[in-house]
Structures are given as C-alpha cells and as structure tokens.
>>> print(open('structure29.cif').read())   # mmCIF, C-alpha atoms
data_upload
loop_
_atom_site.label_atom_id
_atom_site.label_comp_id
_atom_site.auth_asym_id
_atom_site.auth_seq_id
_atom_site.Cartn_x
_atom_site.Cartn_y
_atom_site.Cartn_z
CA MET G 1 95.05 117.10 76.40
CA SER G 2 96.09 113.46 76.23
CA ARG G 3 99.02 112.37 74.09
CA HIS G 4 96.49 110.96 71.59
CA ALA G 5 94.70 114.30 71.40
CA ASP G 6 97.97 116.26 71.07
CA ARG G 7 98.98 114.09 68.15
CA SER G 8 95.59 114.49 66.47
CA LYS G 9 95.66 118.26 67.02
CA LEU G 10 98.98 118.50 65.19
CA VAL G 11 97.61 116.45 62.28
CA PHE G 12 94.33 118.41 62.22
CA GLU G 13 96.06 121.79 62.07
CA LYS G 14 98.30 120.71 59.23
CA LEU G 15 95.31 119.38 57.28
CA VAL G 16 93.32 122.58 57.78
CA ASP G 17 96.33 124.71 56.80
CA ALA G 18 96.53 122.70 53.58
CA GLY G 19 92.90 123.48 52.78
CA VAL G 20 91.31 120.17 53.76
CA THR G 21 87.64 120.70 54.64
CA LEU G 22 85.92 117.27 54.43
CA PHE G 23 86.75 114.48 56.89
CA PRO G 24 84.86 111.32 55.82
CA TYR G 25 85.41 108.54 58.36
CA VAL G 26 84.39 105.18 59.67
CA PRO G 27 84.67 105.46 63.47
CA ASP G 28 87.81 104.08 65.05
CA PHE G 29 89.63 104.59 68.33
CA GLY G 30 92.73 105.88 66.54
CA ASN G 31 91.00 108.66 64.56
CA ASP G 32 88.41 109.58 67.21
CA ASP G 33 90.11 112.80 68.36
CA LEU G 34 90.69 113.95 64.78
CA VAL G 35 86.96 113.57 64.06
CA LYS G 36 86.12 115.50 67.25
CA PHE G 37 88.38 118.36 66.15
CA ALA G 38 86.69 118.35 62.73
CA GLU G 39 83.28 118.49 64.46
CA ALA G 40 84.27 121.39 66.69
CA ASP G 41 85.78 123.58 63.94
CA ASN G 42 83.47 125.53 61.64
CA ARG G 43 85.95 125.26 58.74
CA THR G 44 85.70 121.48 58.58
CA VAL G 45 82.94 118.88 58.10
CA PRO G 46 83.19 115.29 59.37
CA VAL G 47 81.14 112.80 57.33
CA LEU G 48 80.13 109.53 58.97
CA LEU G 49 80.36 106.72 56.38
CA SER G 50 78.73 103.30 56.28
CA SER G 51 81.70 101.73 54.48
CA GLU G 52 85.19 103.01 53.73
CA GLN G 53 84.77 102.60 49.97
CA GLU G 54 82.20 105.40 50.03
CA GLY G 55 84.89 107.70 51.33
CA VAL G 56 87.09 107.09 48.29
CA ALA G 57 84.29 108.15 45.93
CA LEU G 58 83.30 111.01 48.24
CA CYS G 59 86.85 112.42 48.20
CA ALA G 60 86.90 112.15 44.39
CA GLY G 61 83.61 114.06 44.26
CA ALA G 62 85.00 116.81 46.47
CA ASP G 63 88.03 117.10 44.18
CA LEU G 64 85.82 117.47 41.10
CA VAL G 65 84.42 120.71 42.49
CA GLY G 66 87.77 121.96 43.80
CA GLY G 67 87.68 120.68 47.40
CA ARG G 68 90.23 118.82 49.50
CA SER G 69 89.41 115.97 51.84
CA VAL G 70 91.00 113.29 53.98
CA LEU G 71 89.66 109.76 54.38
CA LEU G 72 89.98 108.32 57.89
CA MET G 73 89.75 104.62 58.64
CA GLN G 74 91.08 101.69 60.60
CA SER G 75 93.33 99.24 58.76
CA SER G 76 90.55 96.66 58.41
CA GLY G 77 88.64 99.18 56.28
CA VAL G 78 91.38 99.16 53.65
CA GLY G 79 89.97 95.81 52.54
CA ASN G 80 86.71 97.53 51.61
CA CYS G 81 88.40 99.99 49.24
CA PRO G 82 90.39 98.43 46.38
CA ASN G 83 87.84 98.55 43.55
CA MET G 84 86.87 102.12 44.39
CA LEU G 85 90.55 103.09 44.39
CA SER G 86 90.43 102.49 40.63
CA LEU G 87 89.37 106.14 40.54
CA VAL G 88 92.80 107.23 41.77
CA GLN G 89 94.83 105.48 39.06
CA GLY G 90 92.19 105.83 36.39
CA GLY G 91 91.48 109.52 36.90
CA ARG G 92 94.64 110.71 38.73
CA PHE G 93 92.50 111.94 41.58
CA PRO G 94 94.43 113.16 44.61
CA MET G 95 93.59 110.89 47.56
CA LEU G 96 94.78 111.32 51.13
CA MET G 97 94.02 108.50 53.55
CA ILE G 98 94.95 108.28 57.23
CA ILE G 99 94.93 104.68 58.38
CA THR G 100 95.17 103.74 62.03
CA MET G 101 96.61 100.26 62.33
CA ARG G 102 95.25 97.14 63.94
CA GLY G 103 96.90 93.79 63.52
CA ASP G 104 100.46 95.03 63.85
CA TYR G 105 102.78 95.71 66.82
CA GLY G 106 101.35 94.26 70.03
CA GLU G 107 97.97 93.20 68.63
CA GLN G 108 96.16 90.68 70.83
CA ASN G 109 93.14 89.97 68.61
CA PRO G 110 94.06 87.32 66.02
CA TRP G 111 91.17 88.40 63.76
CA GLN G 112 92.96 91.67 63.08
CA TYR G 113 96.20 90.19 61.74
CA PRO G 114 95.25 89.03 58.20
CA MET G 115 93.95 92.41 57.04
CA GLY G 116 96.47 94.37 59.10
CA ARG G 117 99.38 92.53 57.47
CA ALA G 118 97.92 93.07 53.98
CA VAL G 119 97.43 96.85 54.24
CA PRO G 120 100.57 98.08 52.41
CA THR G 121 100.39 95.31 49.80
CA LEU G 122 96.77 96.06 48.96
CA LEU G 123 97.26 99.82 48.84
CA GLU G 124 100.40 99.56 46.72
CA ALA G 125 98.62 97.18 44.35
CA MET G 126 96.09 99.96 43.73
CA GLY G 127 98.78 102.59 43.20
CA ILE G 128 98.59 104.28 46.62
CA GLU G 129 101.88 105.44 48.15
CA CYS G 130 102.31 104.26 51.74
CA ILE G 131 103.96 106.45 54.37
CA GLN G 132 104.32 104.38 57.52
CA VAL G 133 104.78 106.19 60.82
CA GLU G 134 106.18 104.22 63.72
CA ARG G 135 107.61 107.01 65.89
CA GLU G 136 105.97 110.06 67.37
CA ASP G 137 108.80 112.37 66.24
CA GLU G 138 108.34 111.33 62.59
CA LEU G 139 104.73 112.37 62.48
CA ALA G 140 104.94 116.06 61.59
CA HIS G 141 107.23 115.45 58.61
CA ALA G 142 105.16 112.48 57.51
CA VAL G 143 101.97 114.57 57.44
CA ASP G 144 103.76 117.22 55.35
CA ALA G 145 105.01 114.53 52.98
CA ALA G 146 101.54 113.03 52.62
CA LEU G 147 99.97 116.43 51.95
CA ALA G 148 102.59 117.18 49.30
CA ALA G 149 102.07 113.83 47.59
CA ALA G 150 98.28 114.13 47.63
CA PHE G 151 97.62 117.76 46.81
CA VAL G 152 100.74 119.02 45.04
CA ALA G 153 101.78 115.90 43.14
CA GLU G 154 98.11 114.78 42.90
CA ARG G 155 98.82 111.20 43.92
CA GLY G 156 97.04 108.69 46.08
CA VAL G 157 98.80 108.45 49.46
CA ALA G 158 98.13 106.72 52.75
CA LEU G 159 99.58 107.85 56.06
CA ILE G 160 99.69 104.67 58.11
CA LEU G 161 99.94 105.08 61.88
CA SER G 162 101.43 102.04 63.62
CA GLN G 163 100.31 100.61 66.94
CA LYS G 164 103.85 101.42 68.04
CA ILE G 165 102.59 104.95 68.57
CA LEU G 166 98.84 104.35 68.90
CA GLY G 167 99.22 101.53 71.44
CA ALA G 168 97.48 98.16 71.25
CA LYS G 169 94.03 97.41 72.67
CA VAL G 170 94.02 95.04 75.64
CA PHE G 171 91.52 92.12 75.55
CA MET X 1 56.60 93.93 50.07
CA LYS X 2 55.40 93.79 46.48
CA ASN X 3 56.68 96.36 44.03
CA PRO X 4 54.11 99.07 43.25
CA ARG X 5 53.00 98.72 39.60
CA GLU X 6 54.23 97.34 36.34
CA ALA X 7 57.04 99.59 35.11
CA ILE X 8 56.24 100.91 31.64
CA ILE X 9 58.58 103.90 31.37
CA ASN X 10 61.02 103.80 28.45
CA ARG X 11 64.34 104.74 30.05
CA ARG X 12 65.48 106.56 26.91
CA ASP X 13 62.70 109.10 27.49
CA LEU X 14 63.25 109.50 31.20
CA LEU X 15 65.99 112.06 31.90
CA PRO X 16 64.80 114.83 29.51
CA LEU X 17 61.32 114.54 31.06
CA LEU X 18 62.65 114.74 34.62
CA PHE X 19 64.92 117.78 34.42
CA SER X 20 63.62 120.96 32.82
CA ASN X 21 66.85 122.92 33.47
CA PRO X 22 69.77 120.50 33.37
CA ASP X 23 72.28 123.38 33.22
CA GLU X 24 71.42 124.21 36.85
CA TYR X 25 72.91 120.92 38.04
CA LEU X 26 76.20 119.12 38.37
CA PHE X 27 75.56 115.48 37.42
CA VAL X 28 77.25 112.26 38.48
CA ALA X 29 76.19 109.15 36.56
CA GLY X 30 76.88 105.65 37.83
CA LEU X 31 78.39 103.13 35.47
CA ALA X 32 76.74 101.24 32.58
CA GLY X 33 73.19 102.18 31.54
CA ALA X 34 72.89 105.24 33.79
CA ALA X 35 76.13 106.63 32.34
CA LYS X 36 74.98 105.97 28.76
CA ASP X 37 71.60 107.63 29.31
CA ALA X 38 73.13 110.67 30.99
CA ALA X 39 75.97 110.99 28.47
CA ALA X 40 73.63 110.74 25.48
CA TRP X 41 71.18 113.22 27.02
CA THR X 42 73.78 115.88 27.85
CA ARG X 43 76.16 115.00 24.96
CA GLU X 44 78.72 114.67 27.79
CA ALA X 45 78.40 118.30 28.78
CA ASP X 46 80.91 119.87 31.15
CA ASN X 47 78.50 119.44 34.08
CA LEU X 48 78.49 115.62 33.83
CA ILE X 49 80.97 113.11 35.20
CA ALA X 50 80.02 109.60 34.06
CA LEU X 51 81.61 106.58 35.73
CA GLY X 52 82.76 103.52 33.81
CA GLY X 53 83.63 101.40 36.85
CA ALA X 54 83.98 101.99 40.61
CA MET X 55 80.55 100.36 40.97
CA GLY X 56 78.72 101.61 44.05
CA GLY X 57 80.49 104.97 44.09
CA ALA X 58 78.16 107.38 42.29
CA ILE X 59 76.02 108.48 45.23
CA ALA X 60 79.04 109.00 47.48
CA MET X 61 80.75 110.98 44.72
CA GLY X 62 77.68 113.20 44.46
CA LEU X 63 77.66 113.62 48.24
CA GLY X 64 81.30 114.75 48.18
CA MET X 65 80.36 117.37 45.58
CA ALA X 66 77.26 118.45 47.51
CA LEU X 67 79.13 118.95 50.78
CA THR X 68 81.90 120.91 49.05
CA ALA X 69 80.03 123.02 46.48
CA THR X 70 77.17 123.83 48.81
CA HIS X 71 75.85 126.56 46.51
CA ARG X 72 75.39 124.14 43.57
CA LYS X 73 72.64 121.60 42.93
CA ILE X 74 74.00 118.08 42.54
CA ALA X 75 72.10 115.20 40.92
CA VAL X 76 73.23 111.58 40.92
CA ILE X 77 71.87 109.30 38.19
CA THR X 78 72.40 105.71 39.26
CA GLY X 79 71.02 102.24 38.57
CA ASP X 80 69.53 99.58 40.82
CA GLY X 81 72.61 97.33 40.63
CA GLU X 82 74.98 100.22 41.36
CA LEU X 83 72.90 101.42 44.28
CA LEU X 84 72.59 97.99 45.87
CA MET X 85 76.36 97.44 45.57
CA ASN X 86 76.65 99.95 48.44
CA ALA X 87 73.18 100.63 49.82
CA GLY X 88 74.64 101.85 53.11
CA VAL X 89 75.46 105.13 51.40
CA LEU X 90 71.77 106.07 51.68
CA ALA X 91 72.24 106.20 55.46
CA THR X 92 75.38 108.26 54.92
CA VAL X 93 73.38 110.75 52.82
CA ALA X 94 70.56 110.83 55.38
CA SER X 95 72.95 111.61 58.23
CA ALA X 96 74.84 114.28 56.27
CA ALA X 97 71.50 115.70 55.04
CA PRO X 98 72.82 117.91 52.21
CA GLU X 99 70.21 120.40 51.04
CA ASN X 100 71.48 120.31 47.46
CA LEU X 101 71.58 116.60 46.58
CA THR X 102 69.13 114.67 44.39
CA ILE X 103 69.37 110.95 43.67
CA VAL X 104 67.58 109.39 40.70
CA CYS X 105 67.72 105.60 40.48
CA ILE X 106 66.88 104.24 37.02
CA ASP X 107 65.69 100.78 37.99
CA ASN X 108 65.34 98.26 35.17
CA GLY X 109 65.59 95.29 37.55
CA ARG X 110 68.50 94.02 35.46
CA HIS X 111 72.27 94.02 35.25
CA GLY X 112 72.05 95.36 31.71
CA GLU X 113 75.77 95.72 31.07
CA THR X 114 76.59 92.09 31.79
CA GLY X 115 73.80 90.47 29.80
CA GLY X 116 70.54 91.50 31.44
CA GLN X 117 70.66 89.13 34.40
CA LEU X 118 67.85 89.73 36.92
CA GLY X 119 68.60 91.86 39.96
CA HIS X 120 66.96 92.08 43.39
CA THR X 121 64.45 94.78 42.42
CA SER X 122 62.94 92.40 39.84
CA LYS X 123 62.14 90.12 42.80
CA ARG X 124 61.23 91.50 46.22
CA THR X 125 63.37 94.57 46.89
CA ASN X 126 61.64 97.95 47.24
CA LEU X 127 64.09 100.83 46.95
CA ALA X 128 61.67 103.46 48.28
CA VAL X 129 61.29 101.50 51.50
CA LEU X 130 65.05 101.03 51.64
CA ALA X 131 65.57 104.79 51.21
CA GLU X 132 62.96 105.59 53.84
CA GLY X 133 64.44 103.13 56.30
CA SER X 134 67.87 104.66 55.69
CA GLY X 135 66.49 107.95 56.95
CA LEU X 136 65.73 109.85 53.75
CA GLY X 137 62.55 111.88 54.10
CA SER X 138 61.88 113.10 50.55
CA ILE X 139 61.11 110.11 48.34
CA MET X 140 59.02 109.50 45.23
CA THR X 141 58.36 106.42 43.11
CA VAL X 142 57.38 106.46 39.44
CA SER X 143 56.54 103.53 37.18
CA THR X 144 54.47 105.05 34.35
CA PRO X 145 54.95 107.98 31.94
CA GLU X 146 51.84 109.69 33.39
CA GLU X 147 53.67 110.12 36.70
CA LEU X 148 56.66 111.92 35.19
CA PRO X 149 55.31 115.51 35.29
CA ALA X 150 54.79 115.10 39.04
CA ALA X 151 58.30 113.68 39.32
CA ARG X 152 59.68 116.72 37.51
CA GLU X 153 57.94 118.96 40.06
CA PHE X 154 59.28 116.82 42.89
CA LEU X 155 62.83 117.25 41.60
CA ALA X 156 62.38 120.98 41.11
CA ASP X 157 60.61 121.81 44.39
CA GLY X 158 60.91 118.93 46.86
CA ASN X 159 63.06 119.10 49.98
CA ALA X 160 66.58 117.78 49.50
CA PRO X 161 68.17 115.35 49.90
CA LYS X 162 65.62 113.68 47.66
CA PHE X 163 65.36 110.22 46.18
CA LEU X 164 63.43 109.37 43.02
CA TRP X 165 62.94 105.69 42.33
CA ALA X 166 62.24 105.54 38.59
CA ARG X 167 61.12 102.05 37.61
CA VAL X 168 61.64 101.51 33.87
CA GLN X 169 61.13 98.80 31.27
CA PRO X 170 64.06 96.43 30.79
CA GLY X 171 64.94 97.85 27.34
CA PRO X 172 68.44 99.02 26.42
CA PRO X 173 69.86 102.40 27.51
CA ALA X 174 70.76 105.12 25.03
CA ASP X 175 73.26 104.16 22.37
CA TYR X 176 76.17 106.54 22.83
CA LYS X 177 79.92 106.30 22.31
CA ARG X 178 81.33 108.03 25.34
CA ASN X 179 84.72 109.26 26.50
CA TRP X 180 86.35 106.49 28.57
CA ASN X 181 89.39 108.53 29.60
CA LEU X 182 88.76 109.44 33.24
CA VAL X 183 91.81 111.74 33.44
CA ASP X 184 90.36 113.75 30.58
CA CYS X 185 86.85 113.69 32.09
CA ARG X 186 88.13 114.79 35.51
CA LEU X 187 90.08 117.72 34.11
CA ARG X 188 87.22 118.79 31.86
CA PHE X 189 84.77 118.74 34.78
CA ARG X 190 87.18 120.54 37.13
CA ARG X 191 88.02 123.28 34.65
CA ALA X 192 84.32 124.01 34.27
CA ASN X 193 83.13 123.56 37.84
CA ALA X 194 85.90 123.68 40.46
CA ILE X 195 85.39 126.45 42.96
CA LYS X 196 88.22 128.39 44.55
CA LEU X 197 88.11 127.51 48.24
#
>>> encode(input="structure29.cif", output="structure tokens")
Amino acid sequence: MSRHADRSKLVFEKLVDAGVTLFPYVPDFGNDDLVKFAEADNRTVPVLLSSEQEGVALCAGADLVGGRSVLLMQSSGVGNCPNMLSLVQGGRFPMLMIITMRGDYGEQNPWQYPMGRAVPTLLEAMGIECIQVEREDELAHAVDAALAAAFVAERGVALILSQKILGAKVF
Amino acid sequence: MKNPREAIINRRDLLPLLFSNPDEYLFVAGLAGAAKDAAAWTREADNLIALGGAMGGAIAMGLGMALTATHRKIAVITGDGELLMNAGVLATVASAAPENLTIVCIDNGRHGETGGQLGHTSKRTNLAVLAEGSGLGSIMTVSTPEELPAAREFLADGNAPKFLWARVQPGPPADYKRNWNLVDCRLRFRRANAIKL
C-alpha cells in the first residue's frame, strides 16, 4: 500500500472500532482511499453527496436513530456547511468531520487560498473544535482525540489534515 | 414545462389523508410550514423530529436515518423552498437508493414563513421532473383532493425511495405552538427510536 493508503487504513480501522458505519463524502484526492475502504468493507456504507452541507444533516439523522458517522470533505467544502452546522450547537449533535486541506502548505492554486485560510475560523465560529494534524506521527492520537470529542463528549469536531502530510497538487 | 393543474388541496387536510398508519414511520419535517403541519398532526409524537432552521437539511437527515435504521420506514415532510435550497440531495437519495425512504413535498409555491413571497414552483419549476431527472424512479404528483386516496396507496405500496409532490393552495399551515428546543427534541427522539448498533 502507498503511504496515503496506509494512513487512511489506520484512520478507517479506528473509525470502525468506534462504531462508525456511515461515511458521507464529497470526492477528494485526500479522502479517496478512506472512501474505498468504506466501500470494500461490509460494516460500512459510503454515501456520495452533492454538497457537503447535506452530510451535516445526514450525520445528524444517523445520530437520531443511534448511528455514528463521519463526514469527509475537502477544505473548500467547509464553506458550504455553516448554516447546517447550526444543528450541532442547537441540538448538541455529535459531529465528526475529516477535512483534507487545500490552500495551505505548498498550495500552487491561488483559488484555494481564501477558503483554505478560513477553515478553522469558520468552523470555530459554528462551535466545531478543530484538531489540526501536520505530522504523520500525530495522526493516531489525533483520531482518538476526535473520536472522544465527537462520540463520548458529544461535541462537533473536525480533524483537519494539512498538506504538510497530504502533499500539494502540482499544476 | 407548465405545472400540471391548479392546486386545490388544503394543506391542513393533507398529512392525515396521506398516511393511514403514521406510527409505522419515523418522520423528519423541514422547517416552517412543513414542521407546523407535521407537529400539529402528530402532536409532536416521539417519532417526529421537526426542524426550525437548517434549511435544506430535512431530506438528508431522513436519508441518514434510512441508511442507519434500515428496518424502519422513514418519511420526510418538506416544502418547496426547503427542497430547492439543496435540490442536489435528490441525486444523493437516488444514488444511495434506500428502500425505506419516502419524501413528501408540500408545495404551496410560497415562502410562507417570511411573508408568502412567491417561489420558483409558482412560476416554471416542476418538482416531479426535477426528481425524475435526479434519478428517482417512484414519483407521484397530486394537486386535487380526489387524487389523495391514490397517493395514500402510493405511499403504502410504491417502491422506495419514493417522492410525492403534493401541490397545495397557498393558505396557512396548521396553527401549532411547537417545542423549539432542539436538544430536548433530539433526546426525546433518540430515547424512543435509537437502535443499539
């Protein structure tokens, strides 16, 4: 397996061990392997979304019937979510997001910077805790921390994976 | 495309005529009029979660329930404004193809909650065509009270996921003072309906 796939496998296994079954996502290079693992495993269901905001409501719906889910998106999709994240503060829904960054370390596409830079500010404004991961060796602990915040403390939490570990796309 | 017929259904009559066994379902109601109608009809029973904001989220919330509680029937009651806020979710439902999800859109062609301003379905937008183009295969349109018995059969026996476009008169929704505390509503719904996974 590639380094990308190894990293996603570690994350996937921790999510499944914590009882996560639904993986709503908008396709992105950074979460591609995670979605493939969710497709290949009969305990988990990937759900292709049209827009990231749907995923917020979908995760809340899963919670209402006792399920656990993780919302996967690229950083630009965070901008589609704020109003729907009202559910998290308003209803104290647990919400686990994994956000793969664009518009940070090494980004070549100038269109990605405005939203990329605003990710933590926007999420924090809507009451979502941000756990930023910039080094490979921090990842396992960060996933555990995010799972604890989301499903034990019942908070909204975003695990934000930097381009420092994902790498930056070359144009 | 022109809309089918003049809508003469009174929305206050609609939900009780559509569902003969509401206890069989878990309901999600989108904000504003849909939430009022559903809350008044069920007296905010434990099998209803009614939104008061998060516009555009009701169908996705129902999909999350349907994909998790696969043994339960889920029905989303939404409005035309709420649906069009995030119409892409119809494609999401079509791709996921849950066999236990029903969507009812109460379409008054108005943004009732904000003063009755006209919406797209009062002009040229046809939600049945939109649903079909999104990939949904089980679709029905009603505009008159005479069509409602057939709609009730469609909801009871049609293949899911199903989409009922219920075109209603622009009159007000049910008058009902509902619980606005979402923390309370979430816990109430979960206590009654959460499955042990």
>>> interface_residues(input="structure29.cif", of="chain G", to="chain X", cutoff="10 Å", atoms="only C-alpha atoms", output="PyMOL selection string")
chain G and resi 19-22+24+45-51+53-69+81-93
>>> residues_around(input="structure29.cif", residues="Lys164 (chain G)", least_positions_apart="5", cutoff="12 Å", atoms="only C-alpha atoms", output="VMD selection string")
chain G and resid 100 to 107 132 to 136 169
>>> residues_around(input="structure29.cif", residues="Ile99 (chain G)", least_positions_apart="6", cutoff="12 Å", atoms="all atoms listed in the file", output="PyMOL selection string")
chain G and resi 25-31+52+70-79+116+119-120+123+130-133+157-163+166
>>> atom_distance(input="structure29.cif", atom1="CA of Lys177 (chain X)", atom2="CA of Val104 (chain X)")
22.4 Å
>>> resolve_selection(input="structure29.cif", expression="the PyMOL selection byres ((chain X and resi 140-143) around 10)", output="PyMOL selection string")
chain X and resi 3-10+104-105+107+126-128+137-139+144-148+150-151+154-155+158+162-169
>>> residues_around(input="structure29.cif", residues="Leu15 (chain X)", least_positions_apart="4", cutoff="8 Å", atoms="only C-alpha atoms", output="VMD selection string")
chain X and resid 11 19 37 to 38 41
>>> axis_aligned_box(input="structure29.cif", around="region 40-55 of chain G", padding_each_side="5 Å", output="AutoDock Vina command-line options")
--center_x 82.3 --center_y 113.6 --center_z 58.3 --size_x 17.2 --size_y 33.8 --size_z 26.7
>>> closest_residue(input="structure29.cif", among="X:Gly133, X:Asp80, X:Thr102, X:Ala97", to="Gly119 (chain X)", atoms="all atoms listed in the file")
X:Asp80
>>> atom_distance(input="structure29.cif", atom1="CA of Gly109 (chain X)", atom2="CA of Thr121 (chain X)")
5.0 Å
>>> build_atoms(input="structure29.cif", residues="region 65-90 of chain G", atoms="N, CA and C atoms", output="compact mmCIF listing (two decimals), in the frame of the given file")
# COMPACT_ATOMS: atom_id res chain seq x y z
N VAL G 65 84.90 119.34 42.36
CA VAL G 65 84.42 120.71 42.49
C VAL G 65 85.45 121.60 43.20
N GLY G 66 86.69 121.11 43.31
CA GLY G 66 87.77 121.96 43.80
C GLY G 66 88.05 121.85 45.29
N GLY G 67 87.48 120.83 45.96
CA GLY G 67 87.68 120.68 47.40
C GLY G 67 88.80 119.71 47.74
N ARG G 68 89.22 119.76 49.00
CA ARG G 68 90.23 118.82 49.50
C ARG G 68 89.66 118.08 50.71
N SER G 69 89.99 116.79 50.77
CA SER G 69 89.41 115.97 51.84
C SER G 69 90.44 114.96 52.31
N VAL G 70 90.15 114.36 53.46
CA VAL G 70 91.00 113.29 53.98
C VAL G 70 90.10 112.16 54.43
N LEU G 71 90.46 110.94 54.06
CA LEU G 71 89.66 109.76 54.38
C LEU G 71 90.28 109.03 55.57
N LEU G 72 89.48 108.90 56.63
CA LEU G 72 89.98 108.32 57.89
C LEU G 72 89.39 106.93 58.10
N MET G 73 90.25 105.99 58.40
CA MET G 73 89.75 104.62 58.64
C MET G 73 90.74 103.80 59.45
N GLN G 74 90.22 102.70 60.00
CA GLN G 74 91.08 101.69 60.60
C GLN G 74 91.61 100.78 59.49
N SER G 75 92.70 100.10 59.77
CA SER G 75 93.33 99.24 58.76
C SER G 75 92.37 98.21 58.16
N SER G 76 91.46 97.68 58.95
CA SER G 76 90.55 96.66 58.41
C SER G 76 89.68 97.23 57.29
N GLY G 77 89.44 98.55 57.32
CA GLY G 77 88.64 99.18 56.28
C GLY G 77 89.32 99.27 54.93
N VAL G 78 90.66 99.13 54.93
CA VAL G 78 91.38 99.16 53.65
C VAL G 78 90.86 98.05 52.73
N GLY G 79 90.49 96.93 53.33
CA GLY G 79 89.97 95.81 52.54
C GLY G 79 88.66 96.11 51.84
N ASN G 80 87.97 97.16 52.27
CA ASN G 80 86.71 97.53 51.61
C ASN G 80 86.92 98.49 50.44
N CYS G 81 88.14 98.88 50.18
CA CYS G 81 88.40 99.99 49.24
C CYS G 81 88.93 99.67 47.86
N PRO G 82 89.60 98.53 47.61
CA PRO G 82 90.39 98.43 46.38
C PRO G 82 89.65 98.78 45.09
N ASN G 83 88.48 98.25 44.84
CA ASN G 83 87.84 98.55 43.55
C ASN G 83 87.57 100.05 43.40
N MET G 84 87.16 100.69 44.47
CA MET G 84 86.87 102.12 44.39
C MET G 84 88.15 102.93 44.16
N LEU G 85 89.28 102.39 44.62
CA LEU G 85 90.55 103.09 44.39
C LEU G 85 90.95 103.10 42.92
N SER G 86 90.21 102.38 42.08
CA SER G 86 90.43 102.49 40.63
C SER G 86 90.33 103.94 40.18
N LEU G 87 89.52 104.72 40.89
CA LEU G 87 89.37 106.14 40.54
C LEU G 87 90.71 106.87 40.59
N VAL G 88 91.55 106.49 41.55
CA VAL G 88 92.80 107.23 41.77
C VAL G 88 93.74 107.02 40.58
N GLN G 89 93.95 105.75 40.21
CA GLN G 89 94.83 105.48 39.06
C GLN G 89 94.17 105.89 37.75
N GLY G 90 92.89 105.59 37.65
CA GLY G 90 92.19 105.83 36.39
C GLY G 90 92.00 107.30 36.09
